[in-house]
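Novice: Below you will find the structure I want to go over with you.
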Amino acid sequence: MGNNENSIDWLLSSDEPWTRYRTRLDLLKQTEVSKEVVQDRADLISDPMVQNLISTAQGWPGYPLKRHNDAKHPIQMLTVLADFGLNQGDPGIDKIINAVMAHQSPEGAFETQLQLYKSFGGLDGDHWVWMGCDAPVLLYVLSVFGVGDVPAVQSAKHHLLGMAGDNGWLCSVSPILVKFRGPGKKGDPCPIATLQALKALSMDPLLVFDERVQNGIDMLLSHWEKQGEKKYYLFGIGTDYKKLKYPLIWYDLLHVTDVLSRFPSALGDPRFRQMTQLIVDQADDQGRYTASSMYMAWKGWSFADKKQPSPWLSFLVKRIENRAGFQ
């Protein structure tokens with residue numbers, strides 16, 4: 001990635017408090033009580049762009065979700081706030097936590113308001129339901145926000161674990177959607193459901209070596225190995241998959257590699273290292289990374305600029321490199 005010291009200095013000189021804050025914690029291993037960390041965290045919380053995310057997310061769910069990769073939906077704002085390091089007790093976050101936890105299914109999964117069509121599952125209109133590609137996102141967010149030990153969140157985690165199969169997580173939905181099934185073979189794993197499940201479960205250190213988790217990890221790595229020849233539920237591995245893109249919403253290289261890098265068993269796998277190397281090879285001569293794809297809903301953020309290197313995107317890659325032991 002270039003000179004490591006220069007890369008860190010560039011991240012710390014960024015005008016993005018979220019980049020400075022996470023760099024100090026995740027790369028430099030400074031503590032929350034460090035003077036610099038305290039200041040960067042205060043700047044993060046008060047930043048107008050972050051405040052706007054919090055304000056919008058407080059209106060959860062905002063509007064019924066029509067497609068799971070809707071980049072402007074508040075569910076994506078929740079993940080970004082979690083990635084930045086916001087927590088319960090921070091201004092506005094408790095209200096968000098309460099809004100999300102207000103809708104939990106009898107099975108345990110947290111629900112999202114979705115716009116449904118009768119042809120897809122027997123229901124029509126706006127309904128609070130859960131799907132395997134959305135419910136784990138809410139579990140991840142609540143865990144990062146610091147309420148992972150709350151019984152309701154534990155129930156959601158146990159439900160997610162119970163949905164695991166021998167080959168990862170299949171397409172699964174609320175029982176009230178009795179006729180719904182995604183556009184894939186019945187026994188195939190769903191890549192995005194598996195990815196989001198692993199991300200949520202990575203927050204529990206007691207589960208990183210769980211057999212169900214390991215099966216999910218192997219599903220993602222095997223799909224990489226079979227790229228070009230295998231699609232699951234329309235998810236393939238092609239040119240778009242390999243572009244650097246944030247927020248981590250969908251099934252793509254940066255998202256998959258970031259999640260896999262959280263699990264020790266994946267770090268030494270040749271397939272994971274191939275994926276990581278493909279990202280590293282996209283650095284410029286100063287070791288900085290520029291988005292090769294973007295969500296227009298996030299225009300104005302550095303990670304949604306295909307012309308200039310992004311501090312936040314560069315931090316994310318550097319963190320993967322560090323976890324993987326890349327120099």
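Numbering starts fresh at 1 for the residues of each chain in the structure tokens, the chains themselves are lettered A, B, ... in the order given, and ligands are numbered from 1 as they appear.
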Go through region 10-194 of chain A and collect every residue that DSSP, computed from the backbone, puts in alpha helix (DSSP H); the answer should be as a VMD selection string.
Specialist: chain A and resid 10 to 12 17 to 22 35 to 46 48 to 57 74 to 84 93 to 101 118 to 121 135 to 142 151 to 162 191 to 194
Novice: Contacts of region 16-28 of chain A at 10 Å or less, counting only C-alpha atoms, minus same-chain residues fewer than 3 places along, as a compact mmCIF listing (two decimals) with N, CA and C atoms, in the first residue's frame?
Specialist:
```txt
# COMPACT_ATOMS: atom_id res chain seq x y z
N ILE A 8 -0.81 6.56 7.29
CA ILE A 8 -1.46 6.88 8.57
C ILE A 8 -1.51 8.38 8.78
N ASP A 9 -0.43 9.04 8.48
CA ASP A 9 -0.40 10.50 8.64
C ASP A 9 -1.48 11.16 7.78
N TRP A 10 -1.65 10.64 6.55
CA TRP A 10 -2.67 11.21 5.66
C TRP A 10 -4.06 11.00 6.23
N LEU A 11 -4.31 9.84 6.79
CA LEU A 11 -5.62 9.57 7.39
C LEU A 11 -5.87 10.47 8.59
N LEU A 12 -4.84 10.68 9.40
CA LEU A 12 -5.00 11.52 10.60
C LEU A 12 -5.13 13.00 10.26
N SER A 13 -4.68 13.38 9.08
CA SER A 13 -4.80 14.78 8.67
C SER A 13 -6.09 15.05 7.91
N THR A 31 -6.71 4.27 22.96
CA THR A 31 -7.88 3.99 23.78
C THR A 31 -8.89 5.13 23.69
N GLU A 32 -10.10 4.85 24.12
CA GLU A 32 -11.17 5.85 24.09
C GLU A 32 -10.88 7.06 24.97
N SER A 34 -7.90 8.43 25.28
CA SER A 34 -6.81 9.22 24.72
C SER A 34 -7.32 10.60 24.34
N GLU A 36 -6.55 12.63 21.95
CA GLU A 36 -6.84 12.78 20.52
C GLU A 36 -8.12 12.05 20.14
N VAL A 37 -8.32 10.86 20.72
CA VAL A 37 -9.53 10.07 20.42
C VAL A 37 -10.77 10.80 20.93
N VAL A 38 -10.68 11.33 22.13
CA VAL A 38 -11.81 12.07 22.71
C VAL A 38 -12.19 13.25 21.82
N GLN A 39 -11.18 13.97 21.32
CA GLN A 39 -11.46 15.13 20.48
C GLN A 39 -12.06 14.72 19.14
N ASP A 40 -11.49 13.67 18.52
CA ASP A 40 -12.01 13.23 17.23
C ASP A 40 -13.43 12.69 17.37
N ARG A 41 -13.71 12.04 18.49
CA ARG A 41 -15.07 11.52 18.70
C ARG A 41 -16.06 12.66 18.87
N ALA A 42 -15.66 13.67 19.59
CA ALA A 42 -16.53 14.84 19.75
C ALA A 42 -16.79 15.51 18.42
N ASP A 43 -15.74 15.61 17.59
CA ASP A 43 -15.91 16.19 16.26
C ASP A 43 -16.83 15.32 15.40
N LEU A 44 -16.72 14.00 15.53
CA LEU A 44 -17.57 13.07 14.80
C LEU A 44 -19.04 13.31 15.14
N ILE A 45 -19.33 13.35 16.42
CA ILE A 45 -20.72 13.47 16.87
C ILE A 45 -21.33 14.80 16.44
N SER A 46 -20.53 15.85 16.44
CA SER A 46 -21.06 17.19 16.12
C SER A 46 -21.01 17.52 14.64
N ASP A 47 -20.40 16.66 13.84
CA ASP A 47 -20.26 16.95 12.42
C ASP A 47 -21.64 17.09 11.76
N VAL A 50 -22.91 14.02 9.82
CA VAL A 50 -23.28 12.93 10.72
C VAL A 50 -24.59 13.26 11.42
N LEU A 81 -23.60 4.85 10.43
CA LEU A 81 -23.41 5.35 11.79
C LEU A 81 -22.73 4.31 12.67
N ASP A 83 -20.74 1.88 11.53
CA ASP A 83 -19.36 1.78 11.05
C ASP A 83 -18.50 2.92 11.59
N PHE A 84 -19.06 4.10 11.69
CA PHE A 84 -18.31 5.25 12.21
C PHE A 84 -18.00 5.09 13.69
N GLY A 85 -18.84 4.36 14.42
CA GLY A 85 -18.57 4.14 15.84
C GLY A 85 -19.52 4.83 16.79
N LEU A 86 -20.69 5.23 16.30
CA LEU A 86 -21.69 5.82 17.19
C LEU A 86 -22.21 4.74 18.14
N TRP A 301 -19.95 12.78 -0.11
CA TRP A 301 -19.04 12.10 0.79
C TRP A 301 -17.82 11.64 -0.02
N SER A 302 -16.66 11.58 0.61
CA SER A 302 -15.44 11.24 -0.13
C SER A 302 -15.49 9.85 -0.73
N SER A 310 -10.21 8.68 -1.35
CA SER A 310 -11.09 8.83 -0.19
C SER A 310 -10.38 8.39 1.08
N PRO A 311 -10.27 9.27 2.07
CA PRO A 311 -9.68 8.86 3.35
C PRO A 311 -10.43 7.69 3.99
N TRP A 312 -11.76 7.76 4.00
CA TRP A 312 -12.53 6.70 4.66
C TRP A 312 -12.38 5.38 3.93
N LEU A 313 -12.44 5.39 2.62
CA LEU A 313 -12.25 4.17 1.84
C LEU A 313 -10.84 3.62 2.06
N SER A 314 -9.86 4.51 2.10
CA SER A 314 -8.47 4.09 2.31
C SER A 314 -8.31 3.49 3.71
N PHE A 315 -8.98 4.07 4.70
CA PHE A 315 -8.94 3.50 6.05
C PHE A 315 -9.52 2.09 6.06
N LEU A 316 -10.66 1.90 5.41
CA LEU A 316 -11.29 0.58 5.40
C LEU A 316 -10.36 -0.48 4.82
N LYS A 318 -7.05 -0.26 4.62
CA LYS A 318 -5.91 -0.41 5.51
C LYS A 318 -6.25 -1.31 6.69
N ARG A 319 -7.47 -1.20 7.19
CA ARG A 319 -7.88 -2.06 8.31
C ARG A 319 -7.94 -3.52 7.89
N ASN A 322 -4.37 -4.74 7.70
CA ASN A 322 -3.82 -4.99 9.04
C ASN A 322 -4.34 -6.29 9.62
N ARG A 323 -5.63 -6.54 9.48
CA ARG A 323 -6.18 -7.79 10.00
C ARG A 323 -5.56 -8.99 9.31
```
Novice: Residues of region 121-203 of chain A that have any atom at most 10 Å from an atom of region 216-233 of chain A: could you tabulate them with the shortest-distance atom pair and the distance in Å to one decimal, using only C-alpha atoms, ordered by chain and increasing number, as CSV?
Specialist:
```
residue,atom,partner,partner_atom,distance
A:Ala164,CA,A:Gly216,CA,8.0
A:Gly165,CA,A:Gly216,CA,8.3
A:Asp166,CA,A:Gly216,CA,8.0
A:Asn167,CA,A:Met219,CA,5.9
A:Gly168,CA,A:Gly216,CA,4.0
A:Trp169,CA,A:Gly216,CA,6.9
A:Leu170,CA,A:Tyr233,CA,9.7
A:Cys171,CA,A:Tyr233,CA,8.6
A:Gly182,CA,A:Tyr233,CA,6.7
A:Pro183,CA,A:Tyr233,CA,5.2
A:Gly184,CA,A:Tyr233,CA,4.2
A:Lys185,CA,A:Tyr233,CA,7.4
A:Lys186,CA,A:Tyr233,CA,9.7
A:Asp188,CA,A:Tyr232,CA,6.5
A:Pro189,CA,A:Tyr232,CA,6.8
A:Cys190,CA,A:Tyr232,CA,6.2
A:Pro191,CA,A:Tyr232,CA,6.7
A:Ile192,CA,A:Tyr233,CA,9.2
A:Ala193,CA,A:Gly216,CA,9.8
A:Thr194,CA,A:Gly216,CA,6.0
A:Leu195,CA,A:Leu220,CA,7.6
A:Ala197,CA,A:Gly216,CA,8.4
A:Leu198,CA,A:Gly216,CA,7.0
```
Novice: Which residue out of A:Glu321, A:Asp70, A:Asp15, A:Ser265 has the minimum interatomic distance to Gly287 (chain A) when only C-alpha atoms are used?
Specialist: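 The shortest atom-to-atom distance to Gly287 (chain A) comes from A:Glu321.
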Novice: Using only C-alpha atoms, find each residue in region 3-109 of chain A having at least one atom no more than 7 Å away from region 238-259 of chain A; report its shortest atom-to-atom pair and that distance in Å (one decimal), rows by chain then rising number, as JSON lines.
Specialist:
```
{"residue": "A:Asn69", "atom": "CA", "partner": "A:Trp250", "partner_atom": "CA", "distance": 6.2}
{"residue": "A:Gln76", "atom": "CA", "partner": "A:Ile249", "partner_atom": "CA", "distance": 6.9}
{"residue": "A:Val80", "atom": "CA", "partner": "A:Pro247", "partner_atom": "CA", "distance": 6.7}
```
Novice: With N, CA and C atoms retained, export the selected residues as an mmCIF file, in the first residue's frame.
Specialist:
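Wrote it out as again.cif, contents follow:
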```cif
data_model
loop_
_atom_site.group_PDB
_atom_site.id
_atom_site.type_symbol
_atom_site.label_atom_id
_atom_site.label_comp_id
_atom_site.auth_asym_id
_atom_site.auth_seq_id
_atom_site.Cartn_x
_atom_site.Cartn_y
_atom_site.Cartn_z
ATOM 1 N N ASN A 69 -31.263 -3.094 -1.820
ATOM 2 C CA ASN A 69 -30.046 -2.300 -2.014
ATOM 3 C C ASN A 69 -30.365 -0.831 -2.289
ATOM 4 N N GLN A 76 -29.503 2.011 5.510
ATOM 5 C CA GLN A 76 -28.099 2.203 5.133
ATOM 6 C C GLN A 76 -27.442 3.259 6.016
ATOM 7 N N VAL A 80 -23.932 2.967 8.371
ATOM 8 C CA VAL A 80 -22.833 3.922 8.309
ATOM 9 C C VAL A 80 -22.550 4.500 9.697
#
```
